[in-house]
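**Student:** As input, take input.txt (compact mmCIF, C-alpha atoms and all ligand atoms):
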```txt
# COMPACT_ATOMS: atom_id res chain seq x y z
CA MET A 1343 0.00 0.00 0.00
CA LYS A 1344 0.95 3.66 -0.25
CA ALA A 1345 1.82 5.55 2.94
CA LEU A 1346 3.46 8.76 4.04
CA THR A 1347 6.72 8.04 5.81
CA TRP A 1348 9.14 10.11 7.87
CA GLN A 1349 12.58 10.37 6.28
CA GLY A 1350 14.34 13.08 8.26
CA ILE A 1351 13.94 16.63 9.52
CA ARG A 1352 11.38 18.35 7.24
CA SER A 1353 11.30 15.34 4.94
CA VAL A 1354 8.34 13.02 4.39
CA THR A 1355 7.80 10.89 1.29
CA VAL A 1356 5.12 8.69 -0.25
CA ASP A 1357 6.32 5.09 -0.20
CA THR A 1358 5.09 1.60 -0.86
CA VAL A 1359 5.04 -0.38 2.40
CA PRO A 1360 3.57 -3.82 3.27
CA ASP A 1361 -0.23 -3.90 3.79
CA PRO A 1362 -1.10 -4.21 7.48
CA ILE A 1363 -2.62 -7.50 8.62
CA LEU A 1364 -4.59 -8.62 11.69
CA GLN A 1365 -2.23 -9.59 14.52
CA GLN A 1366 -4.54 -9.92 17.53
CA PRO A 1367 -8.14 -11.12 17.88
CA ASP A 1368 -9.28 -7.56 18.73
CA ASP A 1369 -7.50 -5.87 15.80
CA ALA A 1370 -9.26 -4.37 12.82
CA ILE A 1371 -7.94 -3.16 9.47
CA ILE A 1372 -9.54 -0.08 7.99
CA GLU A 1373 -9.33 1.28 4.48
CA VAL A 1374 -8.67 4.96 5.07
CA THR A 1375 -11.00 7.40 3.30
CA SER A 1376 -9.78 10.65 4.92
CA THR A 1377 -6.70 11.38 7.01
CA ALA A 1378 -5.69 14.79 8.32
CA ILE A 1379 -2.37 16.47 9.05
CA CYS A 1380 -2.10 17.83 12.61
CA GLY A 1381 0.00 20.52 14.29
CA SER A 1382 1.43 17.63 16.32
CA ASP A 1383 2.76 16.10 13.07
CA LEU A 1384 4.71 19.31 12.58
CA HIS A 1385 6.59 18.58 15.83
CA LEU A 1386 7.72 15.23 14.33
CA TYR A 1387 8.61 17.02 11.13
CA GLU A 1388 10.98 19.29 13.03
CA VAL A 1389 11.67 19.04 16.76
CA LEU A 1390 10.93 15.42 17.68
CA GLY A 1391 13.13 14.06 14.87
CA PRO A 1392 15.52 12.38 17.34
CA PHE A 1393 12.70 10.00 18.34
CA MET A 1394 11.73 9.07 14.77
CA ASN A 1395 13.12 6.34 12.55
CA LYS A 1396 13.48 6.56 8.79
CA GLY A 1397 10.46 4.91 7.20
CA ASP A 1398 8.04 5.38 10.12
CA VAL A 1399 4.46 5.68 8.81
CA ILE A 1400 2.98 8.86 10.30
CA GLY A 1401 -0.51 10.27 10.85
CA HIS A 1402 -3.07 9.95 13.65
CA GLU A 1403 -6.31 11.57 12.42
CA PRO A 1404 -7.86 8.90 10.18
CA MET A 1405 -11.30 7.54 9.36
CA GLY A 1406 -12.43 4.89 6.97
CA VAL A 1407 -14.23 1.62 6.40
CA VAL A 1408 -13.46 -1.68 8.13
CA VAL A 1409 -12.16 -4.25 5.62
CA ASP A 1410 -10.98 -6.97 8.03
CA ALA A 1411 -12.03 -7.49 11.64
CA GLY A 1412 -10.71 -9.82 14.31
CA PRO A 1413 -13.32 -11.95 16.17
CA GLU A 1414 -12.97 -9.83 19.35
CA SER A 1415 -12.96 -6.42 17.65
CA GLY A 1416 -16.73 -5.95 17.81
CA LEU A 1417 -16.53 -4.59 14.26
CA SER A 1418 -17.56 -6.00 10.89
CA PRO A 1419 -16.37 -5.33 7.36
CA GLY A 1420 -18.26 -2.33 6.01
CA ASP A 1421 -18.49 -0.45 9.32
CA ARG A 1422 -17.63 3.25 8.91
CA VAL A 1423 -15.39 4.36 11.77
CA VAL A 1424 -13.34 7.29 13.05
CA VAL A 1425 -10.13 6.21 14.79
CA PRO A 1426 -9.00 8.13 17.92
CA PHE A 1427 -5.31 9.15 17.89
CA GLN A 1428 -4.53 7.20 21.07
CA ILE A 1429 -4.77 3.46 21.53
CA ALA A 1430 -6.60 2.54 24.73
CA CYS A 1431 -8.10 -0.65 26.14
CA GLY A 1432 -11.27 0.79 27.66
CA ASP A 1433 -11.26 -1.14 30.92
CA CYS A 1434 -8.06 -0.54 32.88
CA TYR A 1435 -7.86 1.72 35.96
CA MET A 1436 -7.06 4.79 33.82
CA CYS A 1437 -9.56 4.14 31.02
CA ARG A 1438 -12.36 3.66 33.58
CA ARG A 1439 -11.53 7.15 34.91
CA GLY A 1440 -11.68 8.76 31.48
CA LEU A 1441 -7.90 9.03 31.26
CA GLN A 1442 -7.51 7.08 28.03
CA THR A 1443 -4.19 8.80 27.21
CA GLN A 1444 -2.76 7.12 30.32
CA CYS A 1445 -4.15 3.64 29.47
CA GLU A 1446 -2.24 1.10 31.56
CA THR A 1447 -2.60 -1.60 28.92
CA THR A 1448 -0.88 0.41 26.16
CA GLN A 1449 1.43 2.72 28.18
CA VAL A 1450 4.86 2.90 26.56
CA ARG A 1451 6.71 1.95 29.75
CA ALA A 1452 10.11 1.54 28.11
CA GLN A 1453 10.02 5.29 27.44
CA GLY A 1454 8.23 6.26 30.64
CA MET A 1455 5.32 7.59 28.57
CA GLY A 1456 1.52 7.32 28.50
CA ALA A 1457 -0.75 5.43 26.10
CA ALA A 1458 0.54 4.44 22.67
CA LEU A 1459 -0.37 6.82 19.86
CA PHE A 1460 -0.65 6.14 16.13
CA GLY A 1461 2.29 7.36 14.06
CA TYR A 1462 3.96 9.28 16.85
CA SER A 1463 7.61 8.28 17.35
CA GLU A 1464 9.41 5.88 19.68
CA LEU A 1465 8.17 7.92 22.62
CA TYR A 1466 4.65 6.68 21.91
CA GLY A 1467 5.36 3.13 20.81
CA SER A 1468 6.37 3.45 17.12
CA VAL A 1469 2.87 2.32 16.00
CA PRO A 1470 2.39 2.69 12.22
CA GLY A 1471 0.14 5.68 11.55
CA GLY A 1472 -2.90 6.54 9.48
CA GLN A 1473 -1.61 8.68 6.60
CA ALA A 1474 -1.82 5.56 4.48
CA GLU A 1475 -4.24 3.53 2.39
CA PHE A 1476 -4.83 1.03 5.21
CA LEU A 1477 -4.40 1.10 8.98
CA ARG A 1478 -4.18 -1.66 11.57
CA VAL A 1479 -6.17 -0.61 14.64
CA PRO A 1480 -5.18 -2.45 17.85
CA HIS A 1481 -7.78 -2.70 20.67
CA ALA A 1482 -10.43 -2.03 18.04
CA GLY A 1483 -13.15 -3.24 20.38
CA TYR A 1484 -12.88 0.08 22.24
CA GLY A 1485 -11.32 2.92 20.21
CA PRO A 1486 -13.06 3.24 16.85
CA ILE A 1487 -16.18 5.42 16.80
CA LYS A 1488 -18.90 3.95 14.58
CA VAL A 1489 -20.67 6.60 12.53
CA GLY A 1490 -23.57 6.69 10.09
CA ALA A 1491 -23.37 6.67 6.31
CA GLU A 1492 -25.13 9.91 5.41
CA LEU A 1493 -22.83 12.79 6.33
CA PRO A 1494 -19.54 13.53 4.53
CA ASP A 1495 -16.21 12.51 6.11
CA HIS A 1496 -15.23 16.02 7.20
CA ARG A 1497 -18.20 16.18 9.61
CA TYR A 1498 -16.85 13.17 11.54
CA LEU A 1499 -13.12 13.15 10.88
CA PHE A 1500 -12.14 15.62 13.59
CA LEU A 1501 -13.57 13.40 16.33
CA SER A 1502 -10.21 11.59 15.95
CA ASP A 1503 -8.29 14.43 17.61
CA VAL A 1504 -9.07 18.12 17.00
CA LEU A 1505 -12.56 18.25 18.49
CA PRO A 1506 -11.94 16.21 21.66
CA THR A 1507 -8.65 18.08 22.15
CA ALA A 1508 -10.38 21.45 21.95
CA TRP A 1509 -13.32 20.23 24.05
CA GLN A 1510 -10.98 18.97 26.77
CA ALA A 1511 -8.98 22.21 26.70
CA VAL A 1512 -12.16 24.17 27.36
CA ALA A 1513 -13.42 21.66 29.94
CA TYR A 1514 -10.10 21.93 31.78
CA THR A 1515 -10.61 25.70 32.18
CA GLY A 1516 -13.50 24.82 34.51
CA LEU A 1517 -15.52 27.68 32.99
CA SER A 1518 -19.05 27.69 31.72
CA GLY A 1519 -21.32 30.36 30.30
CA ASP A 1520 -20.72 33.89 31.52
CA ALA A 1521 -16.91 34.05 31.53
CA ASP A 1522 -13.92 35.50 29.69
CA LEU A 1523 -11.71 33.06 27.82
CA ALA A 1524 -8.55 33.82 25.84
CA VAL A 1525 -7.12 31.40 23.28
CA LEU A 1526 -3.51 31.63 22.14
CA GLY A 1527 -2.98 30.26 18.65
CA LEU A 1528 -5.60 29.84 15.94
CA GLY A 1529 -4.34 26.73 14.22
CA PRO A 1530 -6.83 23.86 13.98
CA ILE A 1531 -6.88 23.33 17.75
CA GLY A 1532 -7.22 27.02 18.67
CA GLN A 1533 -10.01 27.46 16.09
CA PHE A 1534 -12.17 24.92 17.87
CA CYS A 1535 -11.18 25.93 21.41
CA ALA A 1536 -12.40 29.42 20.55
CA ARG A 1537 -15.60 28.26 18.81
CA ILE A 1538 -16.46 25.87 21.64
CA GLY A 1539 -16.03 28.76 24.09
CA VAL A 1540 -18.45 30.86 22.02
CA HIS A 1541 -20.86 27.92 21.70
CA LEU A 1542 -20.92 27.59 25.51
CA GLY A 1543 -21.68 31.30 25.91
CA MET A 1544 -18.25 32.69 26.83
CA ARG A 1545 -16.70 35.94 25.61
CA VAL A 1546 -13.69 34.72 23.66
CA HIS A 1547 -10.53 36.61 22.68
CA ALA A 1548 -7.87 34.94 20.55
CA ILE A 1549 -4.34 35.81 19.42
CA ASP A 1550 -2.54 34.57 16.30
CA PRO A 1551 -0.02 36.22 13.96
CA VAL A 1552 -1.62 34.77 10.78
CA PRO A 1553 -4.34 37.00 9.24
CA GLU A 1554 -6.46 34.30 7.56
CA ARG A 1555 -6.53 32.28 10.78
CA ARG A 1556 -7.83 35.35 12.60
CA GLN A 1557 -10.40 35.91 9.86
CA MET A 1558 -11.68 32.35 10.16
CA ALA A 1559 -12.09 32.70 13.93
CA ALA A 1560 -13.79 36.09 13.55
CA ARG A 1561 -16.41 34.44 11.31
CA HIS A 1562 -17.37 32.35 14.34
CA GLY A 1563 -17.89 35.09 16.90
CA VAL A 1564 -14.35 35.30 18.30
CA THR A 1565 -12.67 38.66 19.02
CA VAL A 1566 -9.25 38.37 17.37
CA HIS A 1567 -5.90 40.05 17.90
CA ASP A 1568 -2.50 40.01 16.23
CA MET A 1569 0.41 38.75 18.36
CA GLY A 1570 2.18 41.32 20.58
CA GLU A 1571 2.05 43.39 23.75
CA GLU A 1572 -0.83 45.45 22.37
CA ALA A 1573 -3.10 42.40 22.35
CA ILE A 1574 -2.40 41.76 26.02
CA GLY A 1575 -3.32 45.35 26.92
CA THR A 1576 -6.50 45.27 24.85
CA ILE A 1577 -7.69 41.96 26.27
CA ARG A 1578 -6.93 43.08 29.81
CA GLU A 1579 -8.93 46.27 29.26
CA ALA A 1580 -11.86 44.26 27.88
CA THR A 1581 -11.82 42.06 30.99
CA GLY A 1582 -12.18 44.67 33.71
CA GLY A 1583 -8.41 45.26 33.90
CA ARG A 1584 -7.93 41.79 35.44
CA GLY A 1585 -7.36 39.55 32.47
CA PRO A 1586 -9.46 36.59 31.30
CA ASP A 1587 -10.70 33.91 33.73
CA ALA A 1588 -8.79 31.31 31.75
CA VAL A 1589 -6.26 31.15 28.95
CA ILE A 1590 -5.85 28.18 26.61
CA ASP A 1591 -2.41 27.72 25.08
CA ALA A 1592 -3.11 26.11 21.70
CA VAL A 1593 0.35 26.90 20.37
CA GLY A 1594 2.79 24.49 22.01
CA MET A 1595 6.52 24.08 21.91
CA GLU A 1596 7.23 25.71 18.57
CA ALA A 1597 5.85 29.14 19.44
CA HIS A 1598 7.00 32.20 17.55
CA GLY A 1599 8.87 34.70 19.69
CA SER A 1600 11.41 32.41 21.48
CA PRO A 1601 14.61 32.91 19.46
CA MET A 1602 17.02 31.36 21.99
CA ALA A 1603 14.99 28.19 22.43
CA LYS A 1604 14.47 27.96 18.68
CA ALA A 1605 18.25 27.84 18.26
CA THR A 1606 18.47 25.06 20.88
CA GLN A 1607 15.69 23.09 19.17
CA LEU A 1608 17.34 23.38 15.78
CA ALA A 1609 20.73 22.43 17.21
CA THR A 1610 19.20 19.46 19.04
CA GLY A 1611 17.66 18.29 15.77
CA LEU A 1612 21.13 18.10 14.21
CA LEU A 1613 22.71 15.96 16.94
CA PRO A 1614 22.94 12.16 16.57
CA ASP A 1615 19.69 10.60 17.88
CA ALA A 1616 21.08 9.16 21.11
CA VAL A 1617 22.73 12.42 22.10
CA ALA A 1618 19.73 14.50 21.09
CA GLN A 1619 17.33 12.28 23.05
CA LYS A 1620 19.45 12.78 26.16
CA ALA A 1621 19.61 16.53 25.51
CA MET A 1622 15.81 16.69 25.30
CA GLU A 1623 15.51 14.77 28.56
CA THR A 1624 17.79 17.08 30.47
CA ALA A 1625 17.52 20.49 28.82
CA GLY A 1626 14.79 23.05 28.31
CA VAL A 1627 14.09 22.84 24.62
CA ASP A 1628 10.57 24.24 24.50
CA ARG A 1629 9.87 27.62 22.94
CA LEU A 1630 7.85 29.05 25.77
CA ALA A 1631 6.61 32.35 24.30
CA ALA A 1632 2.95 31.32 24.28
CA LEU A 1633 3.00 29.82 27.76
CA GLN A 1634 4.69 32.97 29.07
CA THR A 1635 1.97 35.08 27.46
CA ALA A 1636 -0.65 32.88 29.10
CA ILE A 1637 0.95 33.36 32.52
CA GLU A 1638 1.11 37.12 32.03
CA LEU A 1639 -2.41 37.43 30.63
CA VAL A 1640 -4.54 35.22 32.86
CA ARG A 1641 -6.24 36.93 35.79
CA ARG A 1642 -5.08 36.23 39.34
CA GLY A 1643 -6.58 32.97 40.52
CA GLY A 1644 -7.34 32.00 36.91
CA THR A 1645 -6.64 28.80 35.00
CA ILE A 1646 -4.25 27.99 32.19
CA SER A 1647 -5.21 25.03 30.06
CA LEU A 1648 -2.43 23.70 27.84
CA SER A 1649 -3.39 21.77 24.76
CA GLY A 1650 -0.26 22.69 22.85
CA VAL A 1651 2.29 19.91 23.18
CA TYR A 1652 5.51 20.47 25.16
CA GLY A 1653 8.52 18.19 25.12
CA GLY A 1654 11.46 19.49 27.16
CA GLN A 1655 12.12 18.05 30.62
CA ALA A 1656 13.70 21.14 32.12
CA SER A 1657 12.07 24.11 30.46
CA PRO A 1658 12.36 27.14 32.74
CA LEU A 1659 9.09 28.47 34.13
CA PRO A 1660 8.42 31.68 36.12
CA MET A 1661 7.49 29.89 39.34
CA LEU A 1662 7.35 33.18 41.27
CA THR A 1663 4.58 34.54 39.06
CA LEU A 1664 2.73 31.21 38.79
CA PHE A 1665 2.68 30.92 42.57
CA ASP A 1666 1.97 34.56 43.36
CA LYS A 1667 -0.89 34.81 40.88
CA GLN A 1668 -2.27 31.53 42.21
CA ILE A 1669 -2.59 30.10 38.74
CA GLU A 1670 -4.11 26.69 38.15
CA LEU A 1671 -2.50 24.66 35.36
CA ARG A 1672 -4.12 21.75 33.52
CA MET A 1673 -2.77 19.95 30.50
CA GLY A 1674 -2.31 16.74 28.59
CA GLN A 1675 -3.12 14.82 25.45
CA ALA A 1676 -6.86 14.66 24.92
CA ASN A 1677 -8.77 11.64 26.22
CA VAL A 1678 -10.73 11.15 23.01
CA ARG A 1679 -13.43 8.64 24.05
CA ARG A 1680 -14.21 10.63 27.17
CA TRP A 1681 -15.66 13.50 25.12
CA VAL A 1682 -17.13 11.76 22.07
CA ASP A 1683 -20.66 11.37 23.45
CA GLU A 1684 -20.88 15.13 23.93
CA LEU A 1685 -19.40 15.93 20.52
CA LEU A 1686 -21.20 13.45 18.25
CA PRO A 1687 -24.59 15.22 18.38
CA LEU A 1688 -22.89 18.55 17.62
CA VAL A 1689 -21.13 17.32 14.46
CA GLU A 1690 -24.32 15.57 13.29
CA ASP A 1691 -26.55 18.61 13.94
CA PRO A 1692 -27.67 20.00 10.54
CA ALA A 1693 -27.23 23.54 11.98
CA ASP A 1694 -23.50 22.75 12.41
CA PRO A 1695 -23.14 24.66 15.71
CA LEU A 1696 -19.33 24.36 15.79
CA GLY A 1697 -18.93 25.33 12.12
CA VAL A 1698 -17.18 22.13 11.06
CA ASP A 1699 -18.17 22.93 7.45
CA ASP A 1700 -15.90 26.00 7.63
CA PHE A 1701 -12.60 24.44 8.63
CA VAL A 1702 -10.83 22.30 6.00
CA THR A 1703 -8.90 24.56 3.62
CA HIS A 1704 -7.26 21.82 1.53
CA ARG A 1705 -8.30 18.30 0.50
CA LEU A 1706 -5.48 16.69 -1.46
CA PRO A 1707 -4.47 13.25 -2.71
CA LEU A 1708 -2.13 11.33 -0.36
CA GLU A 1709 0.53 11.61 -3.09
CA GLN A 1710 0.67 15.34 -2.39
CA GLY A 1711 1.40 14.74 1.31
CA PRO A 1712 5.00 16.00 1.16
CA ASP A 1713 3.90 19.34 -0.36
CA ALA A 1714 0.99 19.52 2.07
CA TYR A 1715 3.32 19.21 5.09
CA GLU A 1716 5.46 22.02 3.76
CA MET A 1717 2.44 24.21 3.02
CA PHE A 1718 0.90 23.60 6.47
CA GLN A 1719 4.16 24.27 8.27
CA LYS A 1720 4.91 27.46 6.31
CA LYS A 1721 1.23 28.52 6.42
CA THR A 1722 1.20 29.32 2.70
CA ASP A 1723 -1.85 29.35 0.39
CA GLY A 1724 -4.18 30.17 3.30
CA CYS A 1725 -3.60 26.68 4.70
CA ILE A 1726 -5.33 26.01 8.02
CA LYS A 1727 -6.32 22.30 7.87
CA VAL A 1728 -5.33 19.69 5.32
CA VAL A 1729 -7.17 16.43 4.73
CA LEU A 1730 -5.42 13.82 2.61
CA ASP A 1731 -7.39 11.39 0.46
CA PRO A 1732 -5.67 8.02 -0.11
CA LYS A 1733 -7.94 7.32 -3.08
CA GLY A 1734 -7.66 10.89 -4.40
N1 LIG B 1801 -3.27 17.92 23.66
C1 LIG B 1801 -3.54 17.22 22.58
O1 LIG B 1801 -4.09 16.12 22.65
C2 LIG B 1801 -3.20 17.78 21.25
C3 LIG B 1801 -3.84 17.30 20.11
C4 LIG B 1801 -3.58 17.91 18.89
C5 LIG B 1801 -2.66 18.94 18.82
N2 LIG B 1801 -2.03 19.36 19.95
C6 LIG B 1801 -1.06 20.47 19.93
O2 LIG B 1801 -1.74 21.70 19.82
C7 LIG B 1801 -0.86 22.67 19.23
C8 LIG B 1801 -1.56 23.38 18.09
O3 LIG B 1801 -1.86 22.45 17.05
P1 LIG B 1801 -2.54 22.92 15.70
O4 LIG B 1801 -2.95 21.70 14.95
O5 LIG B 1801 -3.57 23.94 15.97
O6 LIG B 1801 -1.22 23.49 14.95
P2 LIG B 1801 -0.65 24.83 14.35
O7 LIG B 1801 0.82 24.67 14.44
O8 LIG B 1801 -1.23 25.07 13.00
O9 LIG B 1801 -1.17 25.98 15.32
C9 LIG B 1801 -0.36 26.79 16.09
C10 LIG B 1801 -0.81 28.25 15.89
O10 LIG B 1801 -0.16 29.07 16.87
C11 LIG B 1801 0.21 30.30 16.26
N3 LIG B 1801 1.29 30.87 17.08
C12 LIG B 1801 2.62 30.60 17.07
N4 LIG B 1801 3.26 31.28 18.03
C13 LIG B 1801 2.31 32.00 18.68
C14 LIG B 1801 2.35 32.89 19.80
N5 LIG B 1801 3.51 33.15 20.43
N6 LIG B 1801 1.17 33.46 20.21
C15 LIG B 1801 -0.01 33.18 19.58
N7 LIG B 1801 -0.09 32.33 18.51
C16 LIG B 1801 1.05 31.76 18.08
C17 LIG B 1801 0.61 29.90 14.84
O11 LIG B 1801 0.53 31.00 13.96
C18 LIG B 1801 -0.43 28.81 14.52
O12 LIG B 1801 -1.59 29.37 13.91
C19 LIG B 1801 0.39 21.88 18.81
O13 LIG B 1801 1.39 22.01 19.82
C20 LIG B 1801 -0.10 20.46 18.77
O14 LIG B 1801 0.93 19.53 18.98
C21 LIG B 1801 -2.30 18.80 21.15
ZN ZN B 1802 -3.52 15.49 15.83
ZN ZN B 1803 -6.83 1.21 29.34
```
Could you take the file, read its structure, and then write that structure out as structure tokens?
Ligand SMILES: NC(=O)c1ccc[n+]([C@@H]2O[C@H](COP(=O)([O-])OP(=O)(O)OC[C@H]3O[C@@H](n4cnc5c(N)ncnc54)[C@H](O)[C@@H]3O)[C@@H](O)[C@H]2O)c1
Ligand SMILES: [Zn+2]
Ligand SMILES: [Zn+2]
**Tutor:**
Amino acid sequence: MKALTWQGIRSVTVDTVPDPILQQPDDAIIEVTSTAICGSDLHLYEVLGPFMNKGDVIGHEPMGVVVDAGPESGLSPGDRVVVPFQIACGDCYMCRRGLQTQCETTQVRAQGMGAALFGYSELYGSVPGGQAEFLRVPHAGYGPIKVGAELPDHRYLFLSDVLPTAWQAVAYTGLSGDADLAVLGLGPIGQFCARIGVHLGMRVHAIDPVPERRQMAARHGVTVHDMGEEAIGTIREATGGRGPDAVIDAVGMEAHGSPMAKATQLATGLLPDAVAQKAMETAGVDRLAALQTAIELVRRGGTISLSGVYGGQASPLPMLTLFDKQIELRMGQANVRRWVDELLPLVEDPADPLGVDDFVTHRLPLEQGPDAYEMFQKKTDGCIKVVLDPKG
């Protein structure tokens, strides 16, 4: 089959790799009909290179049709399913508590990490990913979300990652209704964090340097700002001089505005893998500009919810300010199945309350994956979200 594979820093190619086959009684094989590129894939493309191996199949936002199903998968050929980005068992201590990203059955203990993820480096189990014609889904009796046949793929696809991630980010703010929320970053994740805030009745401000990303958010009732000190002043003024009740960081470790850390990240990427892995374990390699903005902006006693991914073990944080402002911090990979029951009716609602129909900017054949990665990373051609079509 054809698949997108990682070849090196900023290099992915379309290759022919062996078709996946059933390996366990609860496995399923799906033929992928849509598979998206995520901001998290951009971290593999650049910063997390030391944990990747040449030829790794990437991608973790797929959906498709079951073509082969193990006897314990609970699925049958022909079922249309969305596949969550994490692999979880559904009945361990963690899964029962809605912490599917910490699943004790699939935890990557050799790396000291949480649940295995599709297509996401040695850190998360080196499981072949979903930017491919076919995907083997382990623990298929729990993960895959069965959906109906009527609506187009793009209505359901983002249940694999973007929507539960944004929903969890908002849930972790602890806010509801009459409240002020700020969202940093208007990539795919920030778009939906902001829209979900609006949907739940909050006043939402968002910051991003890219004009078309601000325009998209503005179409959905979000007050938008360019990056910079001015935005902080304006948002503070609009929130009684205090700052918003909560700030979501939907930027992560490759934020603009951290030149020193960017140099470290780039240098780390050039080291031999073993040395670079050690460096990432012991040094602060995150670009913390967005998190620092969140700490400055949030009101005293407010909450910061991190959905952007961070990867350094010793990134310096302003503990004095965090402590003095009594800031609450919540974070983590999204626990997909925990939020699906709340999200499914919203994506199926003909009124499209979260505006899923206004999100995908590019649908391209899988063959164009390499160009699509470059376009998404460089934010050219108005690119906000790319969906790849293996049959395209
Ligand atoms: N927690 C999870 O489960 C989960 C799931 C998916 C993605 N993520 C993470 O969420 C983050 C965002 O992902 P995405 O798909 O939206 O990707 P993205 O890279 O397209 O979005 C990041 C956005 O932040 C903006 N930005 C950069 N620096 C900024 C700054 N200093 N202030 C404000 N905005 C800034 C960029 O212009 C861009 O629009 C990534 O770190 C990704 O890994 C986490
Ligand atoms: Zn993703
Ligand atoms: Zn589990």
**Student:** Could you list, with a cut-off of 7 Å and counting only C-alpha atoms and all ligand atoms, the residues of chain A near ligand ZN 1802 (chain B), each shown with its nearest atom pair and the distance in Å rounded to one decimal, rows sorted by chain and ascending number, as CSV?
**Tutor:**
```
residue,atom,partner,partner_atom,distance
A:Ile1379,CA,B:ZN1802,ZN,6.9
A:Cys1380,CA,B:ZN1802,ZN,4.2
A:Gly1381,CA,B:ZN1802,ZN,6.3
A:Ser1382,CA,B:ZN1802,ZN,5.4
A:Asp1383,CA,B:ZN1802,ZN,6.9
A:His1402,CA,B:ZN1802,ZN,6.0
A:Glu1403,CA,B:ZN1802,ZN,5.9
A:Phe1427,CA,B:ZN1802,ZN,6.9
A:Asp1503,CA,B:ZN1802,ZN,5.2
A:Val1504,CA,B:ZN1802,ZN,6.3
```
**Student:** With distances taken over only C-alpha atoms and all ligand atoms, which residue among A:Ile1400, A:Leu1384, A:Cys1445, A:Val1407 lies nearest ligand ZN 1803 (chain B)?
**Tutor:**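 Answer, going by the shortest atom-to-atom distance: A:Cys1445.
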**Student:** Check the smallest atom-to-atom distance from each of A:Leu1639, A:Val1423, A:Ala1559, A:Ile1726 to ligand LIG 1801 (chain B) using only C-alpha atoms and all ligand atoms, then report the winner.
**Tutor:** A:Ile1726
**Student:** Please give me, as a PyMOL selection string, the residues lying within 7 Å of ligand LIG 1801 (chain B) when counting all atoms listed in the file.
**Tutor:** chain A and resi 1380-1382+1384-1385+1503-1504+1507+1526-1532+1549-1552+1555+1569+1592-1599+1631-1632+1649-1652+1674-1676+1726
**Student:** For Ile1429 (chain A), which residue among A:His1496, A:Lys1727, A:Arg1679, A:Arg1672 is the nearest when counting all atoms listed in the file?
**Tutor:**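 Going through A:His1496, A:Lys1727, A:Arg1679, A:Arg1672 one by one, the smallest distance to Ile1429 (chain A) is for A:Arg1679.
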**Student:** Please find the residues contacting ligand ZN 1803 (chain B) at a distance of at most 6 Å between atoms, with all atoms listed in the file counted, and report them as a list in words.
**Tutor:**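 Checking all atoms listed in the file against ligand ZN 1803 (chain B) at 6 Å gives Ala1430, Cys1431, Gly1432, Asp1433, Cys1434, Met1436, Cys1437, Cys1445, Glu1446 and Thr1447 of chain A.
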**Student:** Identify which of the residues A:Val1640, A:Met1558, A:Val1525, A:Ile1371 lies closest to Gly1583 (chain A), counting only C-alpha atoms when measuring atom-to-atom distances.
**Tutor:**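 Answer, going by the shortest atom-to-atom distance: A:Val1640.
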**Student:** Can you work out the spacing between CA of Glu1475 (chain A) and CA of Ala1491 (chain A) in Å, to one decimal?
**Tutor:**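 Separating CA of Glu1475 (chain A) from CA of Ala1491 (chain A) is a distance of 19.8 Å.
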**Student:** Go through A:Val1359, A:Leu1659, A:Ala1714, A:Val1354 one by one, measure the shortest atom-to-atom distance of each to Ala1474 (chain A) using all atoms listed in the file, and give the residue with the smallest value.
**Tutor:**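 Among A:Val1359, A:Leu1659, A:Ala1714, A:Val1354, it is A:Val1359 that comes nearest to Ala1474 (chain A).
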**Student:** Between A:Thr1375, A:Thr1703, A:Gln1533, A:Gln1366, which one has atoms that come closest to Arg1478 (chain A), using all atoms listed in the file?
**Tutor:**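 Selected residue with least distance to Arg1478 (chain A): A:Gln1366.
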**Student:** Please return as an mmCIF file with C-alpha atoms, keeping the file's coordinate frame every residue within 8 Å of (-8.6, 26.9, 26.0), taking into account all atoms listed in the file and the file's own coordinates.
**Tutor:**
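Saved as result04.cif:
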```
data_model
loop_
_atom_site.group_PDB
_atom_site.id
_atom_site.type_symbol
_atom_site.label_atom_id
_atom_site.label_comp_id
_atom_site.auth_asym_id
_atom_site.auth_seq_id
_atom_site.Cartn_x
_atom_site.Cartn_y
_atom_site.Cartn_z
ATOM 1 C CA ALA A 1508 -10.380 21.450 21.950
ATOM 2 C CA ALA A 1511 -8.980 22.210 26.700
ATOM 3 C CA VAL A 1512 -12.160 24.170 27.360
ATOM 4 C CA TYR A 1514 -10.100 21.930 31.780
ATOM 5 C CA THR A 1515 -10.610 25.700 32.180
ATOM 6 C CA LEU A 1523 -11.710 33.060 27.820
ATOM 7 C CA ALA A 1524 -8.550 33.820 25.840
ATOM 8 C CA VAL A 1525 -7.120 31.400 23.280
ATOM 9 C CA LEU A 1526 -3.510 31.630 22.140
ATOM 10 C CA GLY A 1532 -7.220 27.020 18.670
ATOM 11 C CA CYS A 1535 -11.180 25.930 21.410
ATOM 12 C CA ALA A 1536 -12.400 29.420 20.550
ATOM 13 C CA GLY A 1539 -16.030 28.760 24.090
ATOM 14 C CA ALA A 1588 -8.790 31.310 31.750
ATOM 15 C CA VAL A 1589 -6.260 31.150 28.950
ATOM 16 C CA ILE A 1590 -5.850 28.180 26.610
ATOM 17 C CA ASP A 1591 -2.410 27.720 25.080
ATOM 18 C CA ALA A 1592 -3.110 26.110 21.700
ATOM 19 C CA ILE A 1646 -4.250 27.990 32.190
ATOM 20 C CA SER A 1647 -5.210 25.030 30.060
ATOM 21 C CA LEU A 1648 -2.430 23.700 27.840
ATOM 22 C CA SER A 1649 -3.390 21.770 24.760
#
```
**Student:** I'd like the contact shell of Arg1497 (chain A) - 8 Å cut-off, all atoms listed in the file, skipping same-chain residues fewer than 5 positions apart - returned as a list of chain:residue names.
**Tutor:**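 Residues near the query, excluding close chain neighbours: A:Val1689, A:Glu1690, A:Val1698, A:Asp1699.
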